[in-house]
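Printed here is query-v5.cif (mmCIF, N, CA and C atoms):
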```cif
data_final
loop_
_atom_site.label_atom_id
_atom_site.label_comp_id
_atom_site.auth_asym_id
_atom_site.auth_seq_id
_atom_site.Cartn_x
_atom_site.Cartn_y
_atom_site.Cartn_z
N MET T 1 14.87 -3.56 14.48
CA MET T 1 15.36 -3.72 13.12
C MET T 1 16.37 -2.60 12.86
N GLU T 2 17.48 -2.95 12.26
CA GLU T 2 18.50 -1.96 11.97
C GLU T 2 18.04 -1.01 10.87
N ALA T 3 18.48 0.23 10.95
CA ALA T 3 18.02 1.28 10.04
C ALA T 3 18.34 0.96 8.58
N ASP T 4 19.55 0.44 8.30
CA ASP T 4 19.90 0.15 6.91
C ASP T 4 19.07 -0.99 6.34
N VAL T 5 18.76 -1.99 7.16
CA VAL T 5 17.90 -3.09 6.72
C VAL T 5 16.49 -2.58 6.48
N ALA T 6 15.99 -1.75 7.39
CA ALA T 6 14.65 -1.19 7.25
C ALA T 6 14.56 -0.33 5.99
N ARG T 7 15.56 0.52 5.76
CA ARG T 7 15.55 1.38 4.58
C ARG T 7 15.53 0.54 3.30
N ASP T 8 16.34 -0.50 3.26
CA ASP T 8 16.40 -1.36 2.07
C ASP T 8 15.04 -2.02 1.83
N ARG T 9 14.44 -2.56 2.86
CA ARG T 9 13.13 -3.20 2.71
C ARG T 9 12.07 -2.20 2.27
N LEU T 10 12.07 -1.03 2.89
CA LEU T 10 11.07 -0.01 2.54
C LEU T 10 11.26 0.49 1.11
N GLU T 11 12.49 0.69 0.69
CA GLU T 11 12.74 1.17 -0.68
C GLU T 11 12.36 0.11 -1.71
N ARG T 12 12.62 -1.16 -1.41
CA ARG T 12 12.20 -2.22 -2.33
C ARG T 12 10.68 -2.30 -2.40
N LEU T 13 10.02 -2.21 -1.25
CA LEU T 13 8.57 -2.23 -1.21
C LEU T 13 7.98 -1.05 -1.97
N LEU T 14 8.59 0.13 -1.81
CA LEU T 14 8.13 1.32 -2.52
C LEU T 14 8.26 1.14 -4.03
N ALA T 15 9.36 0.57 -4.49
CA ALA T 15 9.56 0.33 -5.93
C ALA T 15 8.51 -0.65 -6.46
N GLU T 16 8.21 -1.70 -5.69
CA GLU T 16 7.18 -2.66 -6.11
C GLU T 16 5.81 -2.00 -6.19
N LEU T 17 5.50 -1.17 -5.22
CA LEU T 17 4.20 -0.48 -5.22
C LEU T 17 4.09 0.50 -6.38
N GLU T 18 5.18 1.20 -6.68
CA GLU T 18 5.15 2.13 -7.80
C GLU T 18 4.99 1.39 -9.12
N ASP T 19 5.63 0.22 -9.26
CA ASP T 19 5.44 -0.60 -10.46
C ASP T 19 3.99 -1.06 -10.58
N SER T 20 3.43 -1.51 -9.47
CA SER T 20 2.03 -1.95 -9.47
C SER T 20 1.09 -0.81 -9.83
N ALA T 21 1.33 0.36 -9.26
CA ALA T 21 0.48 1.52 -9.55
C ALA T 21 0.57 1.88 -11.03
N ALA T 22 1.77 1.83 -11.60
CA ALA T 22 1.94 2.15 -13.02
C ALA T 22 1.18 1.17 -13.90
N VAL T 23 1.23 -0.10 -13.55
CA VAL T 23 0.50 -1.11 -14.32
C VAL T 23 -1.00 -0.87 -14.22
N LEU T 24 -1.47 -0.63 -13.00
CA LEU T 24 -2.91 -0.41 -12.81
C LEU T 24 -3.38 0.87 -13.49
N GLN T 25 -2.57 1.91 -13.44
CA GLN T 25 -2.96 3.16 -14.11
C GLN T 25 -2.95 2.99 -15.62
N GLY T 26 -2.05 2.18 -16.14
CA GLY T 26 -2.02 1.90 -17.57
C GLY T 26 -3.20 1.06 -18.00
N ALA T 27 -3.62 0.15 -17.13
CA ALA T 27 -4.76 -0.72 -17.44
C ALA T 27 -6.06 0.06 -17.45
N ALA T 28 -6.10 1.17 -16.71
CA ALA T 28 -7.33 1.96 -16.64
C ALA T 28 -7.72 2.53 -18.00
N GLY T 29 -6.75 2.83 -18.82
CA GLY T 29 -7.05 3.40 -20.13
C GLY T 29 -7.15 2.37 -21.23
N ASP T 30 -6.93 1.09 -20.90
CA ASP T 30 -6.91 0.03 -21.91
C ASP T 30 -8.01 -0.96 -21.60
N ALA T 31 -9.03 -0.97 -22.42
CA ALA T 31 -10.14 -1.90 -22.21
C ALA T 31 -9.82 -3.28 -22.75
N GLY T 32 -8.73 -3.43 -23.52
CA GLY T 32 -8.36 -4.71 -24.06
C GLY T 32 -9.21 -5.12 -25.24
N GLU T 33 -9.96 -4.21 -25.78
CA GLU T 33 -10.84 -4.49 -26.90
C GLU T 33 -10.27 -3.89 -28.18
N LEU T 34 -10.57 -4.52 -29.28
CA LEU T 34 -10.14 -4.01 -30.57
C LEU T 34 -11.09 -2.94 -31.10
N THR T 35 -12.29 -2.92 -30.56
CA THR T 35 -13.29 -1.96 -30.99
C THR T 35 -13.99 -1.38 -29.76
N GLU T 36 -14.55 -0.21 -29.92
CA GLU T 36 -15.29 0.43 -28.82
C GLU T 36 -16.71 -0.12 -28.71
N ILE T 37 -17.16 -0.86 -29.70
CA ILE T 37 -18.52 -1.39 -29.73
C ILE T 37 -18.57 -2.69 -28.94
N ASP T 38 -19.50 -2.77 -27.98
CA ASP T 38 -19.65 -3.99 -27.20
C ASP T 38 -20.16 -5.10 -28.10
N GLN T 39 -19.61 -6.28 -27.90
CA GLN T 39 -20.01 -7.42 -28.70
C GLN T 39 -21.20 -8.16 -28.10
N HIS T 40 -21.44 -7.93 -26.83
CA HIS T 40 -22.52 -8.60 -26.13
C HIS T 40 -23.05 -7.64 -25.07
N PRO T 41 -24.33 -7.64 -24.81
CA PRO T 41 -24.88 -6.70 -23.82
C PRO T 41 -24.22 -6.81 -22.44
N ALA T 42 -23.77 -7.98 -22.06
CA ALA T 42 -23.16 -8.15 -20.75
C ALA T 42 -21.75 -7.56 -20.69
N ASP T 43 -21.16 -7.28 -21.87
CA ASP T 43 -19.81 -6.72 -21.90
C ASP T 43 -19.72 -5.40 -21.14
N SER T 44 -20.76 -4.59 -21.25
CA SER T 44 -20.76 -3.29 -20.56
C SER T 44 -20.67 -3.48 -19.05
N GLY T 45 -21.44 -4.41 -18.52
CA GLY T 45 -21.41 -4.68 -17.09
C GLY T 45 -20.07 -5.25 -16.64
N THR T 46 -19.53 -6.14 -17.44
CA THR T 46 -18.23 -6.73 -17.13
C THR T 46 -17.15 -5.67 -17.14
N ASN T 47 -17.18 -4.81 -18.15
CA ASN T 47 -16.18 -3.74 -18.26
C ASN T 47 -16.27 -2.79 -17.07
N LEU T 48 -17.48 -2.47 -16.66
CA LEU T 48 -17.68 -1.58 -15.52
C LEU T 48 -17.18 -2.23 -14.22
N ALA T 49 -17.49 -3.51 -14.03
CA ALA T 49 -17.03 -4.22 -12.83
C ALA T 49 -15.51 -4.31 -12.81
N ASP T 50 -14.90 -4.59 -13.96
CA ASP T 50 -13.43 -4.66 -14.05
C ASP T 50 -12.81 -3.30 -13.73
N ALA T 51 -13.39 -2.24 -14.26
CA ALA T 51 -12.86 -0.90 -14.00
C ALA T 51 -12.96 -0.54 -12.53
N ASP T 52 -14.09 -0.89 -11.91
CA ASP T 52 -14.27 -0.62 -10.47
C ASP T 52 -13.24 -1.40 -9.65
N ARG T 53 -13.01 -2.65 -10.00
CA ARG T 53 -12.05 -3.48 -9.28
C ARG T 53 -10.63 -2.91 -9.42
N GLU T 54 -10.27 -2.51 -10.63
CA GLU T 54 -8.95 -1.93 -10.86
C GLU T 54 -8.78 -0.61 -10.10
N GLU T 55 -9.83 0.19 -10.06
CA GLU T 55 -9.77 1.46 -9.33
C GLU T 55 -9.61 1.22 -7.83
N ALA T 56 -10.34 0.26 -7.29
CA ALA T 56 -10.23 -0.06 -5.86
C ALA T 56 -8.84 -0.59 -5.53
N THR T 57 -8.31 -1.43 -6.40
CA THR T 57 -6.96 -1.97 -6.19
C THR T 57 -5.93 -0.86 -6.25
N LEU T 58 -6.08 0.05 -7.18
CA LEU T 58 -5.17 1.18 -7.30
C LEU T 58 -5.21 2.04 -6.03
N GLU T 59 -6.39 2.27 -5.48
CA GLU T 59 -6.51 3.06 -4.24
C GLU T 59 -5.75 2.39 -3.09
N VAL T 60 -5.84 1.07 -2.99
CA VAL T 60 -5.13 0.33 -1.94
C VAL T 60 -3.62 0.45 -2.13
N VAL T 61 -3.17 0.29 -3.37
CA VAL T 61 -1.74 0.39 -3.68
C VAL T 61 -1.22 1.79 -3.36
N LEU T 62 -1.96 2.82 -3.76
CA LEU T 62 -1.53 4.20 -3.50
C LEU T 62 -1.51 4.51 -2.01
N ALA T 63 -2.47 3.98 -1.26
CA ALA T 63 -2.49 4.19 0.19
C ALA T 63 -1.30 3.51 0.86
N GLN T 64 -0.98 2.30 0.41
CA GLN T 64 0.17 1.61 0.98
C GLN T 64 1.46 2.33 0.60
N ARG T 65 1.53 2.83 -0.62
CA ARG T 65 2.72 3.59 -1.04
C ARG T 65 2.91 4.81 -0.14
N GLU T 66 1.83 5.48 0.20
CA GLU T 66 1.91 6.64 1.09
C GLU T 66 2.42 6.23 2.48
N ARG T 67 1.94 5.09 2.98
CA ARG T 67 2.42 4.62 4.29
C ARG T 67 3.91 4.28 4.26
N VAL T 68 4.38 3.72 3.16
CA VAL T 68 5.80 3.41 3.03
C VAL T 68 6.62 4.70 2.98
N GLN T 69 6.13 5.70 2.25
CA GLN T 69 6.84 6.98 2.19
C GLN T 69 6.88 7.63 3.57
N GLU T 70 5.80 7.52 4.34
CA GLU T 70 5.78 8.05 5.70
C GLU T 70 6.77 7.31 6.59
N ALA T 71 6.89 5.99 6.40
CA ALA T 71 7.85 5.21 7.18
C ALA T 71 9.28 5.63 6.85
N LEU T 72 9.55 5.89 5.57
CA LEU T 72 10.89 6.37 5.19
C LEU T 72 11.16 7.74 5.82
N ALA T 73 10.15 8.59 5.91
CA ALA T 73 10.31 9.90 6.55
C ALA T 73 10.59 9.72 8.05
N ARG T 74 9.91 8.76 8.69
CA ARG T 74 10.18 8.49 10.11
C ARG T 74 11.60 7.95 10.29
N LEU T 75 12.05 7.17 9.34
CA LEU T 75 13.41 6.64 9.39
C LEU T 75 14.42 7.79 9.33
N ASP T 76 14.17 8.74 8.42
CA ASP T 76 15.04 9.91 8.30
C ASP T 76 15.01 10.78 9.56
N ALA T 77 13.85 10.84 10.20
CA ALA T 77 13.69 11.66 11.40
C ALA T 77 14.19 10.96 12.67
N GLY T 78 14.49 9.67 12.55
CA GLY T 78 14.97 8.93 13.71
C GLY T 78 13.87 8.39 14.60
N THR T 79 12.63 8.39 14.13
CA THR T 79 11.52 7.91 14.94
C THR T 79 10.97 6.58 14.44
N TYR T 80 11.58 6.01 13.42
CA TYR T 80 11.12 4.73 12.88
C TYR T 80 11.26 3.64 13.94
N GLY T 81 10.26 2.77 14.01
CA GLY T 81 10.31 1.67 14.97
C GLY T 81 9.67 2.00 16.30
N ARG T 82 9.10 3.21 16.41
CA ARG T 82 8.38 3.61 17.62
C ARG T 82 6.94 3.92 17.22
N CYS T 83 6.02 3.55 18.08
CA CYS T 83 4.60 3.80 17.84
C CYS T 83 4.37 5.31 17.80
N ILE T 84 3.64 5.77 16.79
CA ILE T 84 3.39 7.21 16.65
C ILE T 84 2.38 7.71 17.67
N ASP T 85 1.66 6.79 18.33
CA ASP T 85 0.67 7.20 19.33
C ASP T 85 1.23 7.16 20.75
N CYS T 86 1.79 6.02 21.13
CA CYS T 86 2.22 5.85 22.52
C CYS T 86 3.74 5.89 22.70
N GLY T 87 4.48 5.81 21.61
CA GLY T 87 5.93 5.93 21.68
C GLY T 87 6.69 4.67 22.05
N THR T 88 5.99 3.57 22.28
CA THR T 88 6.69 2.34 22.61
C THR T 88 7.40 1.78 21.38
N ALA T 89 8.46 1.02 21.62
CA ALA T 89 9.20 0.40 20.53
C ALA T 89 8.35 -0.70 19.89
N LEU T 90 8.34 -0.71 18.56
CA LEU T 90 7.62 -1.76 17.85
C LEU T 90 8.49 -3.01 17.82
N PRO T 91 7.91 -4.17 18.08
CA PRO T 91 8.68 -5.41 18.05
C PRO T 91 9.22 -5.67 16.64
N ASP T 92 10.41 -6.27 16.57
CA ASP T 92 10.99 -6.60 15.27
C ASP T 92 10.06 -7.48 14.44
N GLU T 93 9.31 -8.35 15.11
CA GLU T 93 8.38 -9.22 14.38
C GLU T 93 7.32 -8.40 13.66
N ARG T 94 6.86 -7.33 14.29
CA ARG T 94 5.87 -6.46 13.64
C ARG T 94 6.48 -5.76 12.43
N LEU T 95 7.69 -5.27 12.59
CA LEU T 95 8.36 -4.57 11.50
C LEU T 95 8.77 -5.53 10.38
N ASP T 96 9.05 -6.79 10.73
CA ASP T 96 9.33 -7.78 9.69
C ASP T 96 8.08 -8.03 8.86
N ALA T 97 6.94 -8.15 9.53
CA ALA T 97 5.68 -8.41 8.83
C ALA T 97 5.18 -7.18 8.08
N ARG T 98 5.28 -6.01 8.70
CA ARG T 98 4.78 -4.76 8.13
C ARG T 98 5.84 -3.69 8.32
N PRO T 99 6.83 -3.61 7.43
CA PRO T 99 7.91 -2.64 7.64
C PRO T 99 7.43 -1.18 7.67
N GLU T 100 6.24 -0.93 7.14
CA GLU T 100 5.70 0.43 7.15
C GLU T 100 4.85 0.72 8.38
N ALA T 101 4.77 -0.24 9.31
CA ALA T 101 3.93 -0.08 10.49
C ALA T 101 4.30 1.18 11.26
N ALA T 102 3.27 1.92 11.67
CA ALA T 102 3.48 3.17 12.40
C ALA T 102 3.03 3.06 13.85
N ARG T 103 2.23 2.03 14.14
CA ARG T 103 1.67 1.89 15.49
C ARG T 103 1.92 0.49 16.03
N CYS T 104 1.94 0.39 17.34
CA CYS T 104 1.96 -0.93 17.99
C CYS T 104 0.60 -1.58 17.74
N VAL T 105 0.50 -2.85 17.98
CA VAL T 105 -0.74 -3.58 17.69
C VAL T 105 -1.92 -2.98 18.47
N ASN T 106 -1.72 -2.67 19.74
CA ASN T 106 -2.83 -2.13 20.55
C ASN T 106 -3.31 -0.79 20.01
N CYS T 107 -2.39 0.11 19.70
CA CYS T 107 -2.78 1.43 19.18
C CYS T 107 -3.40 1.30 17.79
N GLN T 108 -2.91 0.35 16.98
CA GLN T 108 -3.48 0.12 15.65
C GLN T 108 -4.92 -0.35 15.76
N GLN T 109 -5.17 -1.26 16.71
CA GLN T 109 -6.54 -1.74 16.92
C GLN T 109 -7.46 -0.60 17.35
N ARG T 110 -6.97 0.26 18.24
CA ARG T 110 -7.78 1.41 18.68
C ARG T 110 -8.04 2.36 17.51
N ALA T 111 -7.04 2.60 16.68
CA ALA T 111 -7.20 3.51 15.54
C ALA T 111 -8.22 2.95 14.55
N GLU T 112 -8.16 1.64 14.31
CA GLU T 112 -9.11 1.02 13.37
C GLU T 112 -10.51 1.02 13.95
N ALA T 113 -10.65 0.81 15.24
CA ALA T 113 -11.97 0.81 15.88
C ALA T 113 -12.59 2.22 15.85
N ALA T 114 -11.75 3.23 15.91
CA ALA T 114 -12.24 4.62 15.90
C ALA T 114 -12.75 5.04 14.53
N ARG T 115 -12.32 4.35 13.49
CA ARG T 115 -12.77 4.71 12.14
C ARG T 115 -14.16 4.31 11.96
#
```
Would you put the structure from the file into structure tokens?
Amino acid sequence: MEADVARDRLERLLAELEDSAAVLQGAAGDAGELTEIDQHPADSGTNLADADREEATLEVVLAQRERVQEALARLDAGTYGRCIDCGTALPDERLDARPEAARCVNCQQRAEAAR
């Protein structure tokens, strides 16, 4: 993948992730209720489940944002498109699917298995 195409895709992805994070962070402080008093006993459980789901989603978005920023740093360093573990070139198909990919499929599988 050409560097200018990769940079454009990564920057667009980063902007989308930052927008998503801002929405999720804004939703964390807004319960969507007109009053602080629960109207039904199950409301407390629903509110807690919704807050947990939003927090988990925010963690995923922030982690992906970090991976995109790392990919932009690799692009600046001239190492983008190479596996950070074994150094082999990443196939364009992998970078098309996951422009922030840092590892080849084999090394990614090993890294996930080690966790």
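Every residue that the PyMOL selection byres ((chain T and resi 52-67) around 7) selects in this file is listed here: T:Leu14, T:Leu17, T:Glu18, T:Ser20, T:Ala21, T:Leu24, T:Gln25, T:Asn47, T:Leu48, T:Ala49, T:Asp50, T:Ala51, T:Val68, T:Gln69, T:Glu70, T:Ala71, T:Leu72, T:Glu100, T:Ala101.
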### Task
Spell out the residues picked by the PyMOL selection byres ((chain T and resi 83) around 8) here, as a PyMOL selection string.
chain T and resi 79-82+84-91+101-105+107
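Picture a line from CA of Met1 in chain T to CA of Asp76 in chain T; it runs 14.5 Å.
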### Task
Please indicate the distance in Å from atom N of Arg74 in chain T to atom C of Arg98 in chain T, rounded to one decimal place.
13.1 Å
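Between atom N of Gln108 in chain T and atom N of Ala15 in chain T there is a distance of 24.7 Å.
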Kindly list the centre and edge lengths in Å, rounded to one decimal, for the axis-aligned box that covers all listed atoms of range 11-23 of chain T plus 8 Å on each of its six sides, as lines of an AutoDock Vina configuration file.
```
center_x = 5.9
center_y = -0.3
center_z = -6.8
size_x = 29.7
size_y = 20.8
size_z = 31.0
```
